[in-house]
Structure formats: C-alpha cells, structure tokens
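upload.txt (compact mmCIF, N, CA and C atoms)
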# COMPACT_ATOMS: atom_id res chain seq x y z
N MET A 61 67.78 -3.13 -45.61
CA MET A 61 67.66 -2.02 -44.69
C MET A 61 68.05 -2.47 -43.29
N ASN A 62 68.71 -1.57 -42.54
CA ASN A 62 69.12 -1.96 -41.19
C ASN A 62 67.95 -1.82 -40.22
N LYS A 63 68.11 -2.47 -39.06
CA LYS A 63 67.02 -2.51 -38.07
C LYS A 63 66.70 -1.13 -37.51
N ALA A 64 67.74 -0.31 -37.27
CA ALA A 64 67.50 1.03 -36.71
C ALA A 64 66.66 1.87 -37.66
N PHE A 65 66.95 1.78 -38.96
CA PHE A 65 66.18 2.53 -39.96
C PHE A 65 64.74 2.04 -39.97
N MET A 66 64.53 0.74 -39.91
CA MET A 66 63.18 0.18 -39.93
C MET A 66 62.39 0.61 -38.68
N LYS A 67 63.05 0.60 -37.52
CA LYS A 67 62.37 1.03 -36.30
C LYS A 67 61.95 2.49 -36.41
N THR A 68 62.85 3.33 -36.94
CA THR A 68 62.54 4.74 -37.12
C THR A 68 61.39 4.91 -38.08
N ARG A 69 61.41 4.17 -39.16
CA ARG A 69 60.36 4.25 -40.18
C ARG A 69 59.01 3.83 -39.59
N VAL A 70 58.99 2.72 -38.85
CA VAL A 70 57.75 2.24 -38.25
C VAL A 70 57.24 3.26 -37.23
N SER A 71 58.14 3.82 -36.41
CA SER A 71 57.75 4.84 -35.43
C SER A 71 57.15 6.05 -36.12
N SER A 72 57.75 6.47 -37.23
CA SER A 72 57.24 7.63 -37.97
C SER A 72 55.85 7.36 -38.51
N VAL A 73 55.64 6.17 -39.05
CA VAL A 73 54.32 5.82 -39.59
C VAL A 73 53.29 5.78 -38.47
N LEU A 74 53.65 5.17 -37.32
CA LEU A 74 52.71 5.11 -36.20
C LEU A 74 52.37 6.50 -35.68
N PHE A 75 53.40 7.35 -35.54
CA PHE A 75 53.17 8.72 -35.08
C PHE A 75 52.26 9.47 -36.05
N SER A 76 52.53 9.34 -37.35
CA SER A 76 51.70 10.00 -38.36
C SER A 76 50.27 9.50 -38.30
N SER A 77 50.10 8.20 -38.08
CA SER A 77 48.74 7.64 -37.99
C SER A 77 48.01 8.20 -36.79
N CYS A 78 48.71 8.31 -35.66
CA CYS A 78 48.09 8.87 -34.45
C CYS A 78 47.68 10.32 -34.68
N LEU A 79 48.54 11.09 -35.34
CA LEU A 79 48.20 12.48 -35.64
C LEU A 79 46.97 12.56 -36.54
N LEU A 80 46.92 11.70 -37.55
CA LEU A 80 45.76 11.69 -38.44
C LEU A 80 44.48 11.38 -37.69
N ILE A 81 44.54 10.41 -36.80
CA ILE A 81 43.35 10.05 -36.00
C ILE A 81 42.93 11.24 -35.14
N ALA A 82 43.89 11.90 -34.50
CA ALA A 82 43.56 13.05 -33.65
C ALA A 82 42.95 14.18 -34.46
N VAL A 83 43.51 14.46 -35.64
CA VAL A 83 42.98 15.51 -36.50
C VAL A 83 41.57 15.16 -36.95
N GLN A 84 41.34 13.91 -37.32
CA GLN A 84 40.01 13.49 -37.75
C GLN A 84 39.01 13.61 -36.61
N ALA A 85 39.43 13.30 -35.38
CA ALA A 85 38.54 13.41 -34.23
C ALA A 85 38.12 14.86 -34.03
N VAL A 86 39.05 15.78 -34.21
CA VAL A 86 38.73 17.20 -34.06
C VAL A 86 37.84 17.66 -35.20
N LYS A 87 38.13 17.23 -36.43
CA LYS A 87 37.37 17.66 -37.59
C LYS A 87 35.98 17.02 -37.65
N ALA A 88 35.79 15.90 -36.96
CA ALA A 88 34.52 15.18 -37.05
C ALA A 88 33.34 16.05 -36.67
N ASP A 89 33.54 17.00 -35.80
CA ASP A 89 32.45 17.86 -35.35
C ASP A 89 32.14 18.95 -36.37
N ASP A 90 33.11 19.31 -37.22
CA ASP A 90 32.95 20.33 -38.26
C ASP A 90 32.53 21.70 -37.71
N ALA A 91 32.76 21.94 -36.44
CA ALA A 91 32.42 23.24 -35.86
C ALA A 91 33.67 23.81 -35.18
N ALA A 92 33.97 25.03 -35.52
CA ALA A 92 35.10 25.68 -34.88
C ALA A 92 34.78 25.94 -33.41
N ILE A 93 35.79 25.86 -32.58
CA ILE A 93 35.61 26.13 -31.16
C ILE A 93 36.35 27.42 -30.84
N VAL A 94 35.63 28.38 -30.32
CA VAL A 94 36.22 29.65 -29.90
C VAL A 94 35.78 29.92 -28.48
N LYS A 95 36.74 30.15 -27.61
CA LYS A 95 36.44 30.49 -26.21
C LYS A 95 37.19 31.78 -25.88
N PHE A 96 36.46 32.86 -25.77
CA PHE A 96 37.05 34.11 -25.35
C PHE A 96 37.24 34.05 -23.84
N PRO A 97 38.22 34.78 -23.31
CA PRO A 97 38.49 34.70 -21.86
C PRO A 97 37.25 34.88 -21.00
N GLN A 98 36.39 35.80 -21.35
CA GLN A 98 35.20 36.07 -20.54
C GLN A 98 34.17 34.93 -20.63
N ASP A 99 34.33 34.03 -21.60
CA ASP A 99 33.39 32.91 -21.77
C ASP A 99 33.86 31.63 -21.08
N ILE A 100 35.05 31.66 -20.48
CA ILE A 100 35.60 30.48 -19.83
C ILE A 100 35.22 30.50 -18.36
N SER A 101 34.45 29.48 -17.95
CA SER A 101 34.03 29.42 -16.55
C SER A 101 34.73 28.25 -15.85
N PHE A 102 35.20 28.53 -14.66
CA PHE A 102 35.91 27.55 -13.86
C PHE A 102 35.01 27.00 -12.77
N LYS A 103 35.23 25.72 -12.44
CA LYS A 103 34.50 25.07 -11.35
C LYS A 103 35.51 24.56 -10.33
N ASP A 104 35.17 24.68 -9.07
CA ASP A 104 36.03 24.21 -7.99
C ASP A 104 35.99 22.69 -7.90
N THR A 105 37.12 22.09 -7.52
CA THR A 105 37.19 20.65 -7.29
C THR A 105 37.53 20.41 -5.82
N ALA A 106 37.39 19.17 -5.39
CA ALA A 106 37.70 18.81 -4.01
C ALA A 106 39.18 19.00 -3.69
N ALA A 107 40.03 18.93 -4.73
CA ALA A 107 41.48 19.07 -4.52
C ALA A 107 41.92 20.52 -4.40
N GLY A 108 40.97 21.46 -4.50
CA GLY A 108 41.32 22.87 -4.42
C GLY A 108 41.80 23.44 -5.74
N VAL A 109 41.57 22.72 -6.81
CA VAL A 109 41.96 23.16 -8.14
C VAL A 109 40.71 23.60 -8.88
N GLN A 110 40.78 24.71 -9.61
CA GLN A 110 39.66 25.14 -10.44
C GLN A 110 39.88 24.59 -11.85
N VAL A 111 38.80 24.08 -12.47
CA VAL A 111 38.89 23.46 -13.79
C VAL A 111 37.87 24.09 -14.73
N ALA A 112 38.34 24.38 -15.95
CA ALA A 112 37.45 24.82 -17.03
C ALA A 112 37.65 23.86 -18.19
N VAL A 113 36.58 23.25 -18.67
CA VAL A 113 36.66 22.37 -19.84
C VAL A 113 36.46 23.24 -21.07
N LEU A 114 37.49 23.30 -21.92
CA LEU A 114 37.42 24.12 -23.12
C LEU A 114 36.80 23.38 -24.30
N CYS A 115 37.08 22.08 -24.40
CA CYS A 115 36.42 21.25 -25.42
C CYS A 115 36.56 19.79 -25.04
N GLY A 116 35.67 18.97 -25.57
CA GLY A 116 35.69 17.54 -25.27
C GLY A 116 35.13 17.24 -23.89
N ASP A 117 35.32 15.99 -23.47
CA ASP A 117 34.82 15.53 -22.18
C ASP A 117 35.91 14.70 -21.51
N PRO A 118 36.54 15.25 -20.46
CA PRO A 118 37.64 14.52 -19.81
C PRO A 118 37.25 13.18 -19.20
N SER A 119 35.96 12.96 -18.98
CA SER A 119 35.53 11.68 -18.40
C SER A 119 35.33 10.60 -19.45
N GLN A 120 35.49 10.95 -20.72
CA GLN A 120 35.29 10.02 -21.82
C GLN A 120 36.58 9.85 -22.62
N PRO A 121 36.74 8.71 -23.30
CA PRO A 121 37.90 8.56 -24.17
C PRO A 121 37.86 9.60 -25.29
N GLY A 122 39.00 10.02 -25.74
CA GLY A 122 39.06 10.97 -26.84
C GLY A 122 39.72 12.28 -26.44
N LEU A 123 39.85 13.13 -27.43
CA LEU A 123 40.52 14.41 -27.26
C LEU A 123 39.70 15.35 -26.39
N TYR A 124 40.38 16.04 -25.47
CA TYR A 124 39.75 17.08 -24.68
C TYR A 124 40.82 18.09 -24.27
N VAL A 125 40.37 19.30 -23.92
CA VAL A 125 41.28 20.34 -23.46
C VAL A 125 40.66 20.98 -22.22
N VAL A 126 41.47 21.07 -21.16
CA VAL A 126 41.02 21.73 -19.94
C VAL A 126 42.05 22.78 -19.54
N ARG A 127 41.60 23.75 -18.77
CA ARG A 127 42.50 24.75 -18.18
C ARG A 127 42.33 24.64 -16.67
N LEU A 128 43.45 24.65 -15.96
CA LEU A 128 43.45 24.52 -14.51
C LEU A 128 43.99 25.77 -13.85
N LYS A 129 43.46 26.09 -12.68
CA LYS A 129 43.99 27.17 -11.85
C LYS A 129 44.29 26.58 -10.48
N LEU A 130 45.50 26.79 -10.01
CA LEU A 130 45.89 26.34 -8.68
C LEU A 130 46.20 27.57 -7.84
N ALA A 131 45.54 27.70 -6.72
CA ALA A 131 45.80 28.82 -5.81
C ALA A 131 47.14 28.61 -5.11
N ALA A 132 47.76 29.69 -4.68
CA ALA A 132 49.02 29.59 -3.94
C ALA A 132 48.83 28.66 -2.75
N GLY A 133 49.78 27.76 -2.56
CA GLY A 133 49.71 26.81 -1.46
C GLY A 133 49.02 25.50 -1.79
N THR A 134 48.45 25.38 -3.00
CA THR A 134 47.76 24.15 -3.38
C THR A 134 48.77 23.03 -3.58
N LYS A 135 48.44 21.86 -3.04
CA LYS A 135 49.25 20.66 -3.24
C LYS A 135 48.32 19.56 -3.75
N VAL A 136 48.71 18.93 -4.84
CA VAL A 136 47.91 17.83 -5.40
C VAL A 136 48.68 16.54 -5.17
N ALA A 137 48.06 15.60 -4.47
CA ALA A 137 48.70 14.33 -4.10
C ALA A 137 49.15 13.54 -5.32
N ALA A 138 50.03 12.58 -5.08
CA ALA A 138 50.54 11.72 -6.15
C ALA A 138 49.38 11.01 -6.84
N HIS A 139 49.44 10.98 -8.16
CA HIS A 139 48.40 10.34 -8.97
C HIS A 139 48.99 10.00 -10.34
N THR A 140 48.20 9.31 -11.17
CA THR A 140 48.62 8.97 -12.53
C THR A 140 47.51 9.35 -13.50
N HIS A 141 47.85 9.33 -14.78
CA HIS A 141 46.88 9.54 -15.86
C HIS A 141 47.07 8.44 -16.89
N PRO A 142 45.99 7.83 -17.37
CA PRO A 142 46.14 6.74 -18.32
C PRO A 142 46.28 7.18 -19.79
N GLU A 143 45.98 8.44 -20.08
CA GLU A 143 45.98 8.88 -21.48
C GLU A 143 47.37 8.73 -22.10
N GLU A 144 47.39 8.32 -23.37
CA GLU A 144 48.65 8.17 -24.10
C GLU A 144 49.32 9.52 -24.35
N ALA A 145 48.53 10.53 -24.65
CA ALA A 145 49.09 11.85 -24.96
C ALA A 145 48.50 12.87 -23.99
N ARG A 146 49.33 13.37 -23.11
CA ARG A 146 48.87 14.37 -22.16
C ARG A 146 49.94 15.45 -22.11
N THR A 147 49.56 16.65 -22.50
CA THR A 147 50.51 17.75 -22.53
C THR A 147 49.99 18.90 -21.69
N LEU A 148 50.92 19.70 -21.18
CA LEU A 148 50.57 20.85 -20.35
C LEU A 148 51.41 22.05 -20.75
N THR A 149 50.81 23.22 -20.60
CA THR A 149 51.52 24.48 -20.79
C THR A 149 51.23 25.35 -19.57
N VAL A 150 52.27 25.85 -18.94
CA VAL A 150 52.10 26.73 -17.79
C VAL A 150 51.85 28.13 -18.34
N LEU A 151 50.65 28.67 -18.09
CA LEU A 151 50.27 29.98 -18.64
C LEU A 151 50.76 31.13 -17.78
N SER A 152 50.74 30.97 -16.46
CA SER A 152 51.22 32.03 -15.57
C SER A 152 51.68 31.41 -14.26
N GLY A 153 52.50 32.16 -13.53
CA GLY A 153 53.01 31.65 -12.27
C GLY A 153 54.05 30.55 -12.51
N THR A 154 54.24 29.73 -11.49
CA THR A 154 55.17 28.61 -11.57
C THR A 154 54.48 27.37 -11.05
N LEU A 155 54.51 26.30 -11.82
CA LEU A 155 53.98 25.01 -11.40
C LEU A 155 55.15 24.18 -10.90
N TYR A 156 54.99 23.55 -9.75
CA TYR A 156 56.03 22.68 -9.20
C TYR A 156 55.60 21.24 -9.42
N PHE A 157 56.45 20.46 -10.06
CA PHE A 157 56.10 19.12 -10.53
C PHE A 157 57.14 18.13 -10.03
N GLY A 158 56.68 17.00 -9.49
CA GLY A 158 57.60 15.96 -9.01
C GLY A 158 57.09 14.58 -9.33
N PHE A 159 58.00 13.62 -9.36
CA PHE A 159 57.65 12.22 -9.65
C PHE A 159 57.77 11.38 -8.39
N GLY A 160 56.85 10.43 -8.22
CA GLY A 160 56.90 9.49 -7.11
C GLY A 160 55.51 9.13 -6.63
N ASP A 161 55.46 8.10 -5.80
CA ASP A 161 54.19 7.60 -5.26
C ASP A 161 53.67 8.41 -4.08
N GLN A 162 54.54 9.22 -3.48
CA GLN A 162 54.17 10.05 -2.34
C GLN A 162 54.59 11.49 -2.61
N PHE A 163 53.78 12.45 -2.15
CA PHE A 163 54.14 13.86 -2.30
C PHE A 163 55.42 14.11 -1.50
N ASP A 164 56.40 14.74 -2.14
CA ASP A 164 57.69 15.01 -1.51
C ASP A 164 58.19 16.37 -2.00
N ASP A 165 58.15 17.38 -1.11
CA ASP A 165 58.59 18.73 -1.48
C ASP A 165 59.99 18.75 -2.07
N SER A 166 60.88 17.89 -1.60
CA SER A 166 62.27 17.91 -2.07
C SER A 166 62.41 17.45 -3.53
N LYS A 167 61.39 16.80 -4.07
CA LYS A 167 61.44 16.33 -5.46
C LYS A 167 60.78 17.30 -6.45
N LEU A 168 60.19 18.39 -5.95
CA LEU A 168 59.50 19.33 -6.82
C LEU A 168 60.49 20.14 -7.65
N MET A 169 60.20 20.23 -8.96
CA MET A 169 61.00 21.03 -9.89
C MET A 169 60.12 22.17 -10.38
N PRO A 170 60.65 23.41 -10.43
CA PRO A 170 59.85 24.54 -10.89
C PRO A 170 59.70 24.56 -12.41
N TYR A 171 58.48 24.72 -12.87
CA TYR A 171 58.18 24.89 -14.29
C TYR A 171 57.57 26.28 -14.44
N PRO A 172 58.35 27.28 -14.86
CA PRO A 172 57.85 28.65 -14.93
C PRO A 172 56.89 28.87 -16.09
N ALA A 173 56.21 30.02 -16.08
CA ALA A 173 55.28 30.38 -17.16
C ALA A 173 55.96 30.23 -18.50
N GLY A 174 55.25 29.65 -19.45
CA GLY A 174 55.78 29.42 -20.78
C GLY A 174 56.29 28.01 -20.99
N THR A 175 56.45 27.25 -19.90
CA THR A 175 56.94 25.87 -20.00
C THR A 175 55.88 24.98 -20.63
N PHE A 176 56.31 24.14 -21.56
CA PHE A 176 55.46 23.11 -22.17
C PHE A 176 56.09 21.78 -21.82
N PHE A 177 55.26 20.82 -21.40
CA PHE A 177 55.80 19.49 -21.14
C PHE A 177 54.72 18.43 -21.37
N SER A 178 55.16 17.18 -21.52
CA SER A 178 54.23 16.07 -21.68
C SER A 178 54.45 15.09 -20.54
N GLU A 179 53.40 14.39 -20.21
CA GLU A 179 53.46 13.39 -19.14
C GLU A 179 53.45 12.00 -19.76
N VAL A 180 54.17 11.10 -19.12
CA VAL A 180 54.19 9.71 -19.55
C VAL A 180 53.00 9.01 -18.89
N PRO A 181 52.24 8.21 -19.65
CA PRO A 181 51.07 7.55 -19.06
C PRO A 181 51.44 6.67 -17.86
N ASN A 182 50.57 6.67 -16.88
CA ASN A 182 50.65 5.78 -15.72
C ASN A 182 51.90 5.95 -14.86
N VAL A 183 52.54 7.11 -14.91
CA VAL A 183 53.70 7.39 -14.06
C VAL A 183 53.24 8.29 -12.92
N PRO A 184 53.40 7.85 -11.67
CA PRO A 184 52.96 8.64 -10.53
C PRO A 184 53.71 9.98 -10.44
N HIS A 185 52.94 11.03 -10.19
CA HIS A 185 53.51 12.37 -10.07
C HIS A 185 52.62 13.21 -9.16
N PHE A 186 53.13 14.37 -8.76
CA PHE A 186 52.38 15.27 -7.88
C PHE A 186 52.76 16.70 -8.27
N VAL A 187 51.90 17.63 -7.90
CA VAL A 187 52.13 19.03 -8.28
C VAL A 187 51.80 19.96 -7.11
N ALA A 188 52.34 21.18 -7.22
CA ALA A 188 52.06 22.18 -6.20
C ALA A 188 52.17 23.56 -6.83
N ALA A 189 51.50 24.51 -6.20
CA ALA A 189 51.61 25.93 -6.57
C ALA A 189 52.03 26.66 -5.30
N LYS A 190 53.19 27.29 -5.36
CA LYS A 190 53.69 28.00 -4.18
C LYS A 190 53.37 29.48 -4.24
N ASP A 191 53.28 30.03 -5.46
CA ASP A 191 53.05 31.48 -5.59
C ASP A 191 51.85 31.76 -6.46
Would you give me this structure, written as structure tokens?
Amino acid sequence: MNKAFMKTRVSSVLFSSCLLIAVQAVKADDAAIVKFPQDISFKDTAAGVQVAVLCGDPSQPGLYVVRLKLAAGTKVAAHTHPEEARTLTVLSGTLYFGFGDQFDDSKLMPYPAGTFFSEVPNVPHFVAAKD
C-alpha cells in the first residue's frame, strides 16, 4: 500500500474514533435535551456578549453547546480557544470574523446568517457585530 493511502486510512480511523467518543459522551446521560426558544435564558458577560448554555459545561472538558448574542457595535478582542473541535453557525445577522493577535477592522470578513464554520485550536482571532 502506498503512503498516501495509509495516511488517509489512519486519518479516517482517527476521525471515526473521535466521532464515536463524542457520540458516547452525548449518550452517556441517556436523557434527551430539548430547549424551546422560551426556555433559553441568556446571561450578560463582561465582553458585552450574551451567552446561553444549551447543554454541557463550557468550563469543563467535554462536549458543550452555547448560543451567543452580540449587540450591534460589539467587538470581541483577539483570543484563542484550546478545544480540538469548535464549530459555529450564524443564526441571524452577520458575524464579522478576523485572524490575528490584535483586533483589526481591515481583516474582518462577513459571515452572513446561515454560515457554518469551524475554528482551528489555539489560533488567535477576533469578532465583531456591526448590525
């Protein structure tokens, strides 16, 4: 077998293993999670972002899901996240996302409602909401 095929095969096995672990973590509780819109409560943060924890605990290792609200004009300074898998979906409005160690308006790219993206661990980035 050639090296490229072996690398692909190993990557597939590792990815499948990670998925299995994630599924088992979710199933371990054996309780379905349902959050109707009226049951989701948001809390203000120092950064001016509202956060609702839908499941899990973001301060602990493991799977969690949060929903964020950014008011128009909100700017979140450059920061990183250590999690291996971090994904986001823009539900409404436009999220402006940029990479770098310092907030820089010229580097912001618009991510409109419906956009799904993933973040690379430990890569500095910043966000803003203009509208």
message: I need the residues in stretch 95-152 of chain A that are strand (DSSP E) according to DSSP; give them as a PyMOL selection string.
response: chain A and resi 103-104+109-115+125-130+135-139+146-149
statement: Shortest contact to A:Gly160, candidates A:Val113, A:Phe177, A:Lys135, A:Phe186, atoms counted all atoms listed in the file, goes to A:Phe186
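Between atom N of A:Ser119 and atom N of A:Glu143 the interatomic distance comes to 11.0 Å.
For the pair atom C of A:Phe176 and atom N of A:Ala132, the separation is 20.6 Å.
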task: Determine the nearest neighbour of A:Val111 from the options A:Gly158, A:Asp165, A:Val126, A:Asp99, counting all atoms listed in the file.
output: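 Selected residue with least distance to A:Val111: A:Val126.
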task: Scan for residues within 8 Å of the point (36.1, 27.5, -16.7) in the coordinates of the file, using all atoms listed in the file, and reply as a ChimeraX atom specification.
output: /A:99-103,110-114,127-128
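Computed from the coordinates, the atom CA of A:Met169 to atom C of A:Pro118 distance equals 26.7 Å.
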Non-local contacts of A:Ala131 (7 Å; all atoms listed in the file; under 2 positions in same chain excluded) as a ChimeraX atom specification: /A:108-110,129,133-134,189-191
field: Minimum-distance residue to A:Thr140, chosen among A:Pro170, A:Pro121, A:Pro184, A:Gly116 (using all atoms listed in the file)
entry: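 Answer, going by the shortest atom-to-atom distance: A:Pro184.
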Residue nearest A:Ala107 among A:Thr147, A:Phe163, A:Ala137, A:Thr175 (counting only N, CA and C atoms):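 Counting only N, CA and C atoms, the residue closest to A:Ala107 is A:Ala137.
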Using all atoms of stretch 119-136 of chain A listed in the file and a margin of 5 Å per side, can you give the axis-aligned box centre and edge lengths in Å to one decimal, as lines of an AutoDock Vina configuration file?
center_x = 42.5
center_y = 19.1
center_z = -14.4
size_x = 24.5
size_y = 31.1
size_z = 36.0
task: Give me the residues within 8 Å of A:Val183 as a PyMOL selection string, counting all atoms listed in the file and dropping any in the same chain fewer than 4 places off.
output: chain A and resi 138-142+159-161+179
Could you pull the residues within 6 Å of A:Tyr171, counting only C-alpha atoms, minus those fewer than 6 positions along the same chain, as a PDB file with N, CA and C atoms, in the coordinates of the input?
ATOM      1  N   THR A 154      54.240  29.730 -11.490  1.00  0.00           N
ATOM      2  CA  THR A 154      55.170  28.610 -11.570  1.00  0.00           C
ATOM      3  C   THR A 154      54.480  27.370 -11.050  1.00  0.00           C
ATOM      4  N   LEU A 155      54.510  26.300 -11.820  1.00  0.00           N
ATOM      5  CA  LEU A 155      53.980  25.010 -11.400  1.00  0.00           C
ATOM      6  C   LEU A 155      55.150  24.180 -10.900  1.00  0.00           C
ATOM      7  N   TYR A 156      54.990  23.550  -9.750  1.00  0.00           N
ATOM      8  CA  TYR A 156      56.030  22.680  -9.200  1.00  0.00           C
ATOM      9  C   TYR A 156      55.600  21.240  -9.420  1.00  0.00           C
TER      10      TYR A 156
END
Extract stretch 150-165 of chain A from the structure I just pasted (atoms: N, CA, C and O atoms) and return it as a compact mmCIF listing (two decimals), in the first residue's frame.
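Listed below is the output, selection_11.txt:
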# COMPACT_ATOMS: atom_id res chain seq x y z
N VAL A 150 -23.94 30.88 12.23
CA VAL A 150 -24.52 32.21 12.38
C VAL A 150 -26.02 32.06 12.16
O VAL A 150 -26.47 31.69 11.08
N LEU A 151 -26.82 32.33 13.20
CA LEU A 151 -28.27 32.14 13.12
C LEU A 151 -28.98 33.34 12.53
O LEU A 151 -29.98 33.19 11.82
N SER A 152 -28.51 34.55 12.83
CA SER A 152 -29.13 35.75 12.26
C SER A 152 -28.10 36.87 12.23
O SER A 152 -27.09 36.82 12.94
N GLY A 153 -28.36 37.87 11.40
CA GLY A 153 -27.43 38.98 11.28
C GLY A 153 -26.17 38.55 10.53
O GLY A 153 -26.17 37.57 9.80
N THR A 154 -25.11 39.29 10.75
CA THR A 154 -23.81 39.00 10.13
C THR A 154 -22.75 39.06 11.21
O THR A 154 -22.67 40.04 11.96
N LEU A 155 -21.94 38.02 11.31
CA LEU A 155 -20.80 37.99 12.22
C LEU A 155 -19.57 38.36 11.41
O LEU A 155 -19.37 37.85 10.31
N TYR A 156 -18.75 39.24 11.94
CA TYR A 156 -17.50 39.63 11.28
C TYR A 156 -16.36 38.96 12.02
O TYR A 156 -16.25 39.09 13.25
N PHE A 157 -15.54 38.22 11.29
CA PHE A 157 -14.52 37.35 11.88
C PHE A 157 -13.18 37.65 11.24
O PHE A 157 -13.08 37.78 10.02
N GLY A 158 -12.14 37.79 12.07
CA GLY A 158 -10.79 38.04 11.55
C GLY A 158 -9.74 37.29 12.33
O GLY A 158 -9.96 36.90 13.48
N PHE A 159 -8.60 37.08 11.70
CA PHE A 159 -7.48 36.36 12.34
C PHE A 159 -6.36 37.33 12.68
O PHE A 159 -6.06 38.23 11.90
N GLY A 160 -5.72 37.12 13.83
CA GLY A 160 -4.57 37.91 14.23
C GLY A 160 -4.52 38.11 15.73
O GLY A 160 -5.49 37.82 16.44
N ASP A 161 -3.38 38.60 16.19
CA ASP A 161 -3.17 38.83 17.63
C ASP A 161 -3.78 40.13 18.13
O ASP A 161 -3.90 40.33 19.33
N GLN A 162 -4.13 41.03 17.20
CA GLN A 162 -4.72 42.31 17.55
C GLN A 162 -5.99 42.51 16.74
O GLN A 162 -6.05 42.13 15.57
N PHE A 163 -7.00 43.14 17.35
CA PHE A 163 -8.23 43.45 16.62
C PHE A 163 -7.88 44.42 15.48
O PHE A 163 -7.20 45.42 15.69
N ASP A 164 -8.33 44.10 14.27
CA ASP A 164 -8.04 44.91 13.10
C ASP A 164 -9.26 44.90 12.19
O ASP A 164 -9.55 43.89 11.54
N ASP A 165 -9.99 46.03 12.13
CA ASP A 165 -11.20 46.12 11.30
C ASP A 165 -10.95 45.71 9.85
O ASP A 165 -11.82 45.14 9.20
